[in-house]
Every structure is written in C-alpha cells, then in structure tokens.
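Colleague: Following this message is one structure expressed as structure tokens.
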Amino acid sequence: MKLLDCALEFTALPGALAAYRTECDAAGLLGFAAAVKDSGGRFIALWGSDERDRQGGFAVHVAFGIAAGLALVTLPLTADRPAYPSLEDIFPAANRQQRATRDLFGIHAEMAANEAAHDDQRPWLRHANWPADFFPLRRDCDASRQFNTAQEDYAFVRVEGDGVHEIPVGPIHAGIIEPGHFRFSVVGEKVLRLEQRLGWKHKGIEKRFEQMPLAEGHRLAGRISGDSTVAYAWAYCLAAESLTGCTPPPRALWLRALLLERERIANHLGDLGYLGNDAALAFGLSQFMRLREDWLRLSAEFFGHRLLMDRIVPGGVAFDLTAGGDEKILGQCASIEREMHLLKDIYDEHAGLQDRFLTTGRLAPELATALSVSGLAGRASSQAWDLRAQNAIAPYNQLDVRIASHRNGDVAARVAVRFEEVFESLRVMRQILVVLTDDLCRDLIEPLPAARDGAFGIGWIEGWRGDVLVALTAGNAGGIRRCHCHDPSWRIWPALEHAVMGNIVPDFPLINKSFNLSYSGPDL
Amino acid sequence: MLPLLKQIFLTGFKTEAPPLADAALRVTAQRLEQAMLRKLGRALVIRHVDAGSCNGCELEIHALNNLYYNLEALGIRFAASPRHADLLLVTGPVASNMKIALQRAHAAMPEPKLVVAVGDCGCSGGIFGESYASCGRVANVIAVDVAVPGCPPTPLALMQGILTAIDGHPM
C-alpha cells in the first residue's frame, strides 16, 4: 500500500498496531521524510542495525508518526561505505540519534554539500571511555571488553559577547536526580543559551538485549527508564507478540491498560508535588507525595510491585486482580479525585505559584512541531498526539480517551495537562474496572510461539511522558538479534534547550521539572 | 489560604516508626567508633549519586522524605554537595561514563565517609552486568559499607540500609 501519496510501497506489519514498513534508497527516504513533514506528521526514531552476516551491509531505520499510524522506512547500506543522508534539515530532532547511531555502529549521516559546514561530528553516547573505532553494536564486536576511562573534552558551542559567561552544571546535579551536564551561557541571571551533554548513563542496554532470550527481554525493557516500566514492558511485548503472531487474551489487555494508567497517575502525582516545591510551595510536595505513596502502596498490595515492574510479560500479564481489589481501587480513585480537586483549587488560587508558572519556560507550538515534540510536553504546546486516542490498540480503541491539550506551552500549561490527565485516567480506570469485573474469561496469558529467525515486530505505547517505541528482531534459537528502544525524551530534551532561553537561571529547575525527562531512557 | 491550612490540619501526622538496623546488609564491618556514630546518628548528611540507574531507585529515594517515612525527622537529610556529606548513597551499576564523576564525588567527601550501594544493580550490577559501558556493582569502583538489594528497594529497605550504616553493633 502507499502512504502520503509517495511512490514507496509499504506493507502492514502483523499484530495490533497500525504499523507499515518499507525498504528504499536514500532518495526515497528523503522524499518520504519531506512528505511526512508536509502532511503534519512527525519524526519518531532513527536507529541502525548490522546485517553484514545476512545481506552484506548495514541498515538504518527511521520511524515516522503519520495520521495512518507508524511508518517505518529501512535503508540498506553497504559494508564498505555505510552512510546515509542526514535528516536534520527536515527534522532537527534527528541530530542526536544520528550521532548515537554513528557511535554505536560507525555508520554516518551525511549532510548535503552546501550544508557540510553544519555537520555535527561530535559523539553523543561515546564520551572518552571507549575508543572511537570501537563500535559496540556491530555483531563482531566483543562488548565485554573494558577500557580505561578519561575526562572528555567536549566542544560546547561558545556564546561570545560583553558580559557573557558560562555556568557548567553536572553530570552530578544538586538534588536526587539522574546525571547529565548542562552548559548555560548567561548574561547576569538571564539564560542566553543552554546546551545539554547527555549519555552519562549509557550502560550498553542494546548490546545486553542480544545476550537475552526473546521471552525475557521485557525485564530489561522494563528497566530502561524505571518511571515508565509499564510503557516499556508493554511496547516490548507488543513487538514480541507482533513478530510471533501471538494475541494475548482480552483480559490481559485490559489489565495492561489498568497498569499503564496507574503508572501515569503515579508519575503525575509526584511531578505536581515537585512543581509546587520548586516554586516554593512545600505544602504541594508533602500533599502530592502523600497521595503518591498511598497510590504505590495499593499497587504493591494488588499488583505485587510498587512501580509495577515485571507485571506485563510476552503473551499477557503475570497477575490478576484479586477478589475485592476492584472495590479498593475504586475507593482510592474516589478519594484521590476528591483531594486532587481540592489541591488543584489551592494551586490555581495561589498567586505566588501562578506567578512562577505562567509564561515561564515557554515552548511555542510552532517550535514544538518543528522539533517533533510529542507526549505530555507536546500536548502542552498544541501537539495533540496521544496513541491512546489515535489509531488506538485494544483496549484503548474501546475507551474513547480524551486528549488533554493546551496552547501556551509554559510551565502552567504542563501543570494543567498533568491535572487533566490524572482526572481522565481516573475516569478510564473506572471504565476498565467495570469490564474487568464483568469479564468472565479469566485467561491471562497466551504462550508465545517460537519466533522465526529474523522476524521483525514493533511496539508503540503512550507512556506517561510520551510515546515509547520498541523495534525488535528475533534471533536464532529463541534469542534476540536486535532490539532498539526509543524514549520520547530523545525528542523533548532539545526542546528544553529552547524553552529556557530568555528565562532566568533560578527558574531552570522549575522548567526542567515541568518537562521531567528521562536521562536513562535515551542514554540506553 | 484557609483551604490550605484546613488541608494541613486534616492531613494530620502520618509518620510511621522507622525500621531497625539489619547487620546482614553490611558488606564491611563498622569502622567508626561509638562516639562518632552517636553524633552521626543524630545528624547524618547524605549525598546521593546516580551512577547509572534506571531511575527506579531514585523514585524510592524521593519517597524517603514523604510524610510516611519522614527521614528528616530522624536527623537525616540530603545535601547538595559531597563536601557536606557523611554518607554517599549510590544507585545503579556504575556506567563507564559515570566512573570518574563517582570517584570524584567520593573523594570530595570529608573523612569519615560511609558508602551505601543501592538496588540489585548497585549490589551486583543487576540485569545490566559488566560490559564496555558498565563497570558493574558499586564496590568495583569505590569501597562500600552497606549494600541494599531490591529492584528497586522499598523506602523501608532503603531506610534500613542507611540506619545500618550508622549502627554500632558488630556484624
């Protein structure tokens, strides 16, 4: 089939997801990327693979989000000159992923001749801790080798002018946060420019996948970004189920959705508390963290894990709702909803808080579009994408989820989206619980059939932060040949660089928290 | 203002009893003297370093300061600088990219310094193991006093690990 009036012929991937795949040449990729942009679509992810043992070369894969669903374009590359045209001109969000792909595979994105001066040759995931000619994701690379570590000299972009100075922050930050480096160029207290240097947490997850059985990979996927463990595990299982032709029992899908909404609410509760705290309202932190703790304790009681790790498994789920669970969960939904309304009123009426929230850290809708920002941060800047509402998979296709969307793109808008999403998730959870109590079939898992060597599947799930994507290729004897996991933070981090421009340095923690991006997710 | 005060009043006291120290969590015997421990036990300052976790452990460390666990009520608080800290709380397998930063944070702490490794990854490298990008467990990079397993450890387990580090009873 054809997509977006392009000449490329796509085939639909098996499974629940509306996903289409094709193989093409460099011109085809560029043409399709431009068509995606023109249609209002977005760039999602770019990754590489080493196919030298099969087809004699490498490949680069690019996933786009379009109205019809997910379009995946694969571009085969030769072994002796693995290069492909850079997508940066069309989608600037490709920059970091292209650099990471070069670090891991030694395959290059090439700028057009007239753009060569803008070619960003700096590494991304590779700091100075492994050699530049060591490409860990090549199949013949011995990734167990360990190297001497060294301090990296990274070429930050220098801002010059009267009174401009730099504030380097990190990798270790002042709070209980993940590591990353921020380089602020400031005049007085005003931020002229922020440049991020991430990759500190890179721990070789993609290589690690290749040493795991396909049926176990959900555990590793669920530990790519712990705050999104449900979204990652579901996306991984969706990919594994697509490539093996497995359909989980309906009850398992409803239970998965219940967990995904619980994860969304748990994270939003924590964020709303910290956002109050960062604007000097400690009351907000203590109240929301109390609600979050109540929430996590109920998760532990009925689902066996506070953060819901390892509950979703290939073919279904590893738990069921025990007797009385639905009543207790509904009771908690009611009490949380009541308190949320109360706290929202307090936040809304608090002049000091609103003064800090409004107009701070603004990400304009046009910029959010240009940078392919999606997820919660995108929705606060008019990017009305939500996989639970568009091309939704079961059971979301029966839930009619309302998208929370705002135009202002400031901290206040990201706070508002969180409040609205909590209320909507509470509504959705109630609907799910009605089905779960009525549903008589108690099957929870469908055994995963053996995977054909080289079979490919994809999973795409709307986590609390945004869309998580997992692209999985089966190996021989039940193994994993390649697994790429994509965190929405990849595309939102660069937007944060823009959102802080013109703000004052003391507002950075508040702005950063309002995005609350994952470091571990994109560092892999 | 009135609804806010009313909410504080209605919330009331939530703090629960802290767990007891558990000598089984010790990796090395207590090196500090009783007199020092008595002082630390009433005013312990922690610096947290994420050396490569999935951020699950961080979520549970954050929970330590909620109303239920209320770690600060025990005189234990988190500091922004390792120079102010008595105890280093380290999560994750140590990513190669974080190795130098972790060593420097540890070196910046004044003596006597304690180290608590957090989570299955901090204890053993966990699911990530050792590779070109991961140095594995925390003890591979700096000396560890107490290791708290769990994926992630619950806030109670974390509290127990911290209290064990400043507990004077022999192993």
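Identifiers in this document derive from the order of the structure tokens: chains are assigned A, B, ..., residues are numbered from 1 separately in each chain, and ligands are numbered from 1 in order of occurrence.
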May I ask you to extract the residues of chain B within 9 Å of chain A, using only C-alpha atoms, and to give them as a ChimeraX atom specification?
Modeller: /B:1,3-4,7-8,11,14,47-59,61-63,65-68,78-81,93-102,105,127-135,151-152,154
Colleague: Give me the residues within 10 Å of Asp80 of chain A as a list in words, counting only C-alpha atoms and dropping any in the same chain fewer than 5 places off.
Modeller: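 Residues meeting the cut-off are Gly56, Gly57 and Phe58 of chain A.
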Colleague: DSSP on the backbone: what in segment 5-78 of chain B comes out alpha helix (DSSP H), as a ChimeraX atom specification?
Modeller: /B:5-11,34-42,56-63
Colleague: Would you compute the distance between atom CA of Phe184 of chain A and atom CA of Val505 of chain A? Give it in Å to one decimal.
Modeller: 8.4 Å
Colleague: Have a look at A:Met212, A:Ser374, A:Ser242, A:Asp507 and name the one nearest to Arg356 of chain A; count only C-alpha atoms.
Modeller: A:Asp507
